[in-house]
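Here the structure is laid out as structure tokens; the discussion comes afterwards.
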Amino acid sequence: RRPRVAVLSTGDEVVPAGTEAPAPGAIRDANGPLLVGMLAELGAEALDLGIVGDDAAQLADALSSAAASADAVLTSGGVSVGDYDLVKQVLATLGGVQFWRVALQPGKPFAFGALGDPPFFGLPGNPVSVTVSFEQLVRPALLRRMGARALFRPRIPARLTAAVQTDPERTVFLRVNAACRQGQWEASP
């Protein structure tokens, strides 16, 4: 059967994507719908569990419920170092954090652990970071569990058209416009 993957967005500031006029300081949930779509493209069954605020007890209940009904659990937001970033703290009480933070840009605040049997993936809150983290860390892990051998998307070599500075201590993913000119791919930041 297709794996069931629970998706949960976190944060008091996050409101449903369809909210017409969010209050000042509110952020529409871009990550939940994004992850549901990426999971569908992968062939997994997404269980959209909505949004949970910055409350440790509510988050613990939501994660426990997710773990009981899913083969894997994904959250977005709440894995950095702010006062309201509770996901890593709550995960430590429910299962365990195997690693936190990765040398990846964007996507450094990332937590991986377990909620009993299901693996847990705590993604950052920024939608670009969510996309990179999902593609590089979550998608290959889920594909592996699904029995796939090809875990990453095909790569195409390209010439970078402008100099960029990156942190040599991280794997950096740049947003580029790609174009094929005379049989040679070019990537422009």
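FYI, nothing fancy with the structure tokens labels: chains A, B, ... in order, residues from 1 per chain, ligands from 1 as they appear.
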Spatial neighbours of range 136-138 of chain A, max dist 10 Å, only C-alpha atoms, sep filter under 2 positions, as a PyMOL selection string: chain A and resi 39+72+74+102+104+107+110+112+120-123+130-134+140-144+151-153
List as a ChimeraX atom specification the protein and nucleic acid residues near Ala179 in chain A, meaning an atom at most 10 Å away when only C-alpha atoms are counted, but skip any in the same chain fewer than 5 places from it. /A:158,184-188
Residues of range 2-100 of chain A in alpha helix (DSSP H) according to DSSP, as a VMD selection string? chain A and resid 31 to 42 56 to 69 87 to 94
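A straight line drawn from CA of Asp55 in chain A to CA of Ala40 in chain A is 29.2 Å long.
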Using only C-alpha atoms, can you tell me which of A:Ser65, A:Ser129, A:Gln89, A:Thr10 comes closest to Phe173 in chain A?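 Looking only at the distances to Phe173 in chain A, the closest residue turns out to be A:Ser129.
Closest approach to Ala44 in chain A from the set A:Leu174, A:Leu59, A:Leu8, A:Met146 is made by A:Met146, with distances taken over only C-alpha atoms.
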Which of these residues is nearest to Gly32 in chain A, using only C-alpha atoms: A:Asp85, A:Gln98, A:Val7, A:Ala56?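 Closest to Gly32 in chain A, using only C-alpha atoms: A:Val7.
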If we count only C-alpha atoms, what is near Ala57 in chain A at a cut-off of 12 Å, once residues fewer than 2 positions away on the same chain are taken out, given as a ChimeraX atom specification? /A:52-55,59-64,86-87,89-91,93-94
Output all heavy atoms for every residue in the selection just made, as a CSV table (one decimal), in the first residue's frame.
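Final file, part.csv:
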```csv
chain,number,residue,atom,x,y,z
A,52,VAL,N,-1.2,23.5,14.2
A,52,VAL,CA,-1.2,23.5,15.6
A,52,VAL,C,-0.4,24.7,16.1
A,52,VAL,O,0.7,25.0,15.5
A,52,VAL,CB,-0.7,22.2,16.2
A,52,VAL,CG1,0.8,21.9,15.9
A,52,VAL,CG2,-0.9,22.1,17.7
A,53,GLY,N,-0.9,25.4,17.1
A,53,GLY,CA,-0.2,26.6,17.6
A,53,GLY,C,1.0,26.3,18.4
A,53,GLY,O,1.4,25.1,18.6
A,54,ASP,N,1.6,27.3,19.0
A,54,ASP,CA,2.8,27.2,19.8
A,54,ASP,C,2.5,26.8,21.3
A,54,ASP,O,2.7,27.6,22.2
A,54,ASP,CB,3.6,28.5,19.8
A,54,ASP,CG,4.1,28.8,18.4
A,54,ASP,OD1,4.5,27.9,17.7
A,54,ASP,OD2,4.0,30.0,18.0
A,55,ASP,N,2.0,25.6,21.4
A,55,ASP,CA,1.6,25.1,22.8
A,55,ASP,C,2.1,23.7,22.8
A,55,ASP,O,1.7,22.9,22.1
A,55,ASP,CB,0.1,25.2,22.9
A,55,ASP,CG,-0.3,24.6,24.3
A,55,ASP,OD1,-0.5,23.4,24.4
A,55,ASP,OD2,-0.6,25.4,25.2
A,59,LEU,N,0.8,20.4,20.8
A,59,LEU,CA,1.7,19.8,19.8
A,59,LEU,C,2.0,18.4,20.2
A,59,LEU,O,2.0,17.5,19.3
A,59,LEU,CB,3.0,20.6,19.8
A,59,LEU,CG,4.1,20.2,18.8
A,59,LEU,CD1,3.5,20.2,17.4
A,59,LEU,CD2,5.3,21.1,18.9
A,60,ALA,N,2.2,18.0,21.4
A,60,ALA,CA,2.4,16.6,21.8
A,60,ALA,C,1.2,15.8,21.5
A,60,ALA,O,1.4,14.7,20.9
A,60,ALA,CB,2.8,16.6,23.3
A,61,ASP,N,0.0,16.3,21.7
A,61,ASP,CA,-1.2,15.5,21.4
A,61,ASP,C,-1.3,15.3,19.8
A,61,ASP,O,-1.6,14.2,19.4
A,61,ASP,CB,-2.4,16.3,21.9
A,61,ASP,CG,-2.6,16.2,23.4
A,61,ASP,OD1,-1.9,15.4,24.0
A,61,ASP,OD2,-3.4,17.0,23.9
A,62,ALA,N,-1.0,16.4,19.1
A,62,ALA,CA,-1.1,16.3,17.6
A,62,ALA,C,0.0,15.3,17.1
A,62,ALA,O,-0.4,14.5,16.2
A,62,ALA,CB,-0.9,17.7,17.0
A,63,LEU,N,1.2,15.4,17.6
A,63,LEU,CA,2.2,14.4,17.1
A,63,LEU,C,1.9,13.0,17.5
A,63,LEU,O,2.1,12.1,16.7
A,63,LEU,CB,3.6,14.8,17.7
A,63,LEU,CG,4.2,16.1,17.1
A,63,LEU,CD1,5.5,16.5,17.8
A,63,LEU,CD2,4.4,16.0,15.6
A,64,SER,N,1.4,12.8,18.7
A,64,SER,CA,1.0,11.4,19.1
A,64,SER,C,-0.1,10.9,18.2
A,64,SER,O,-0.1,9.7,17.8
A,64,SER,CB,0.6,11.4,20.6
A,64,SER,OG,1.6,11.8,21.4
A,86,LEU,N,9.0,24.8,19.3
A,86,LEU,CA,8.8,23.8,20.3
A,86,LEU,C,8.9,22.3,19.8
A,86,LEU,O,8.9,21.4,20.5
A,86,LEU,CB,7.4,23.9,20.9
A,86,LEU,CG,7.1,25.2,21.6
A,86,LEU,CD1,5.7,25.3,22.0
A,86,LEU,CD2,8.0,25.4,22.8
A,87,VAL,N,9.0,22.2,18.5
A,87,VAL,CA,8.9,20.9,17.9
A,87,VAL,C,10.0,19.9,18.4
A,87,VAL,O,9.8,18.8,18.8
A,87,VAL,CB,8.9,20.9,16.3
A,87,VAL,CG1,9.0,19.5,15.7
A,87,VAL,CG2,7.7,21.6,15.9
A,89,GLN,N,11.9,20.1,21.1
A,89,GLN,CA,11.7,19.9,22.5
A,89,GLN,C,10.6,18.9,22.8
A,89,GLN,O,10.8,17.9,23.5
A,89,GLN,CB,11.3,21.2,23.2
A,89,GLN,CG,10.8,21.1,24.6
A,89,GLN,CD,10.3,22.5,25.0
A,89,GLN,OE1,10.7,23.5,24.6
A,89,GLN,NE2,9.3,22.4,25.9
A,90,VAL,N,9.5,19.0,22.1
A,90,VAL,CA,8.4,18.0,22.3
A,90,VAL,C,8.8,16.6,21.7
A,90,VAL,O,8.5,15.6,22.3
A,90,VAL,CB,7.1,18.5,21.6
A,90,VAL,CG1,6.0,17.5,21.6
A,90,VAL,CG2,6.6,19.8,22.4
A,91,LEU,N,9.4,16.6,20.6
A,91,LEU,CA,9.8,15.4,20.0
A,91,LEU,C,10.7,14.6,20.9
A,91,LEU,O,10.6,13.4,21.1
A,91,LEU,CB,10.6,15.6,18.6
A,91,LEU,CG,11.1,14.4,17.9
A,91,LEU,CD1,10.0,13.4,17.6
A,91,LEU,CD2,11.9,14.8,16.7
A,93,THR,N,10.6,14.4,24.0
A,93,THR,CA,9.8,13.7,25.1
A,93,THR,C,9.0,12.6,24.6
A,93,THR,O,8.6,11.7,25.3
A,93,THR,CB,8.9,14.7,25.8
A,93,THR,OG1,7.9,15.2,24.9
A,93,THR,CG2,9.6,15.9,26.4
A,94,LEU,N,8.6,12.6,23.3
A,94,LEU,CA,7.8,11.6,22.7
A,94,LEU,C,8.5,10.4,22.1
A,94,LEU,O,7.9,9.3,22.0
A,94,LEU,CB,6.8,12.2,21.6
A,94,LEU,CG,5.8,13.2,22.1
A,94,LEU,CD1,5.1,13.8,20.9
A,94,LEU,CD2,4.9,12.6,23.1
```
Just the number, please: distance in Å from CA of Asp29 in chain A to CA of Ser9 in chain A, one decimal.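 Atom-to-atom, CA of Asp29 in chain A and CA of Ser9 in chain A are spaced 7.3 Å apart.
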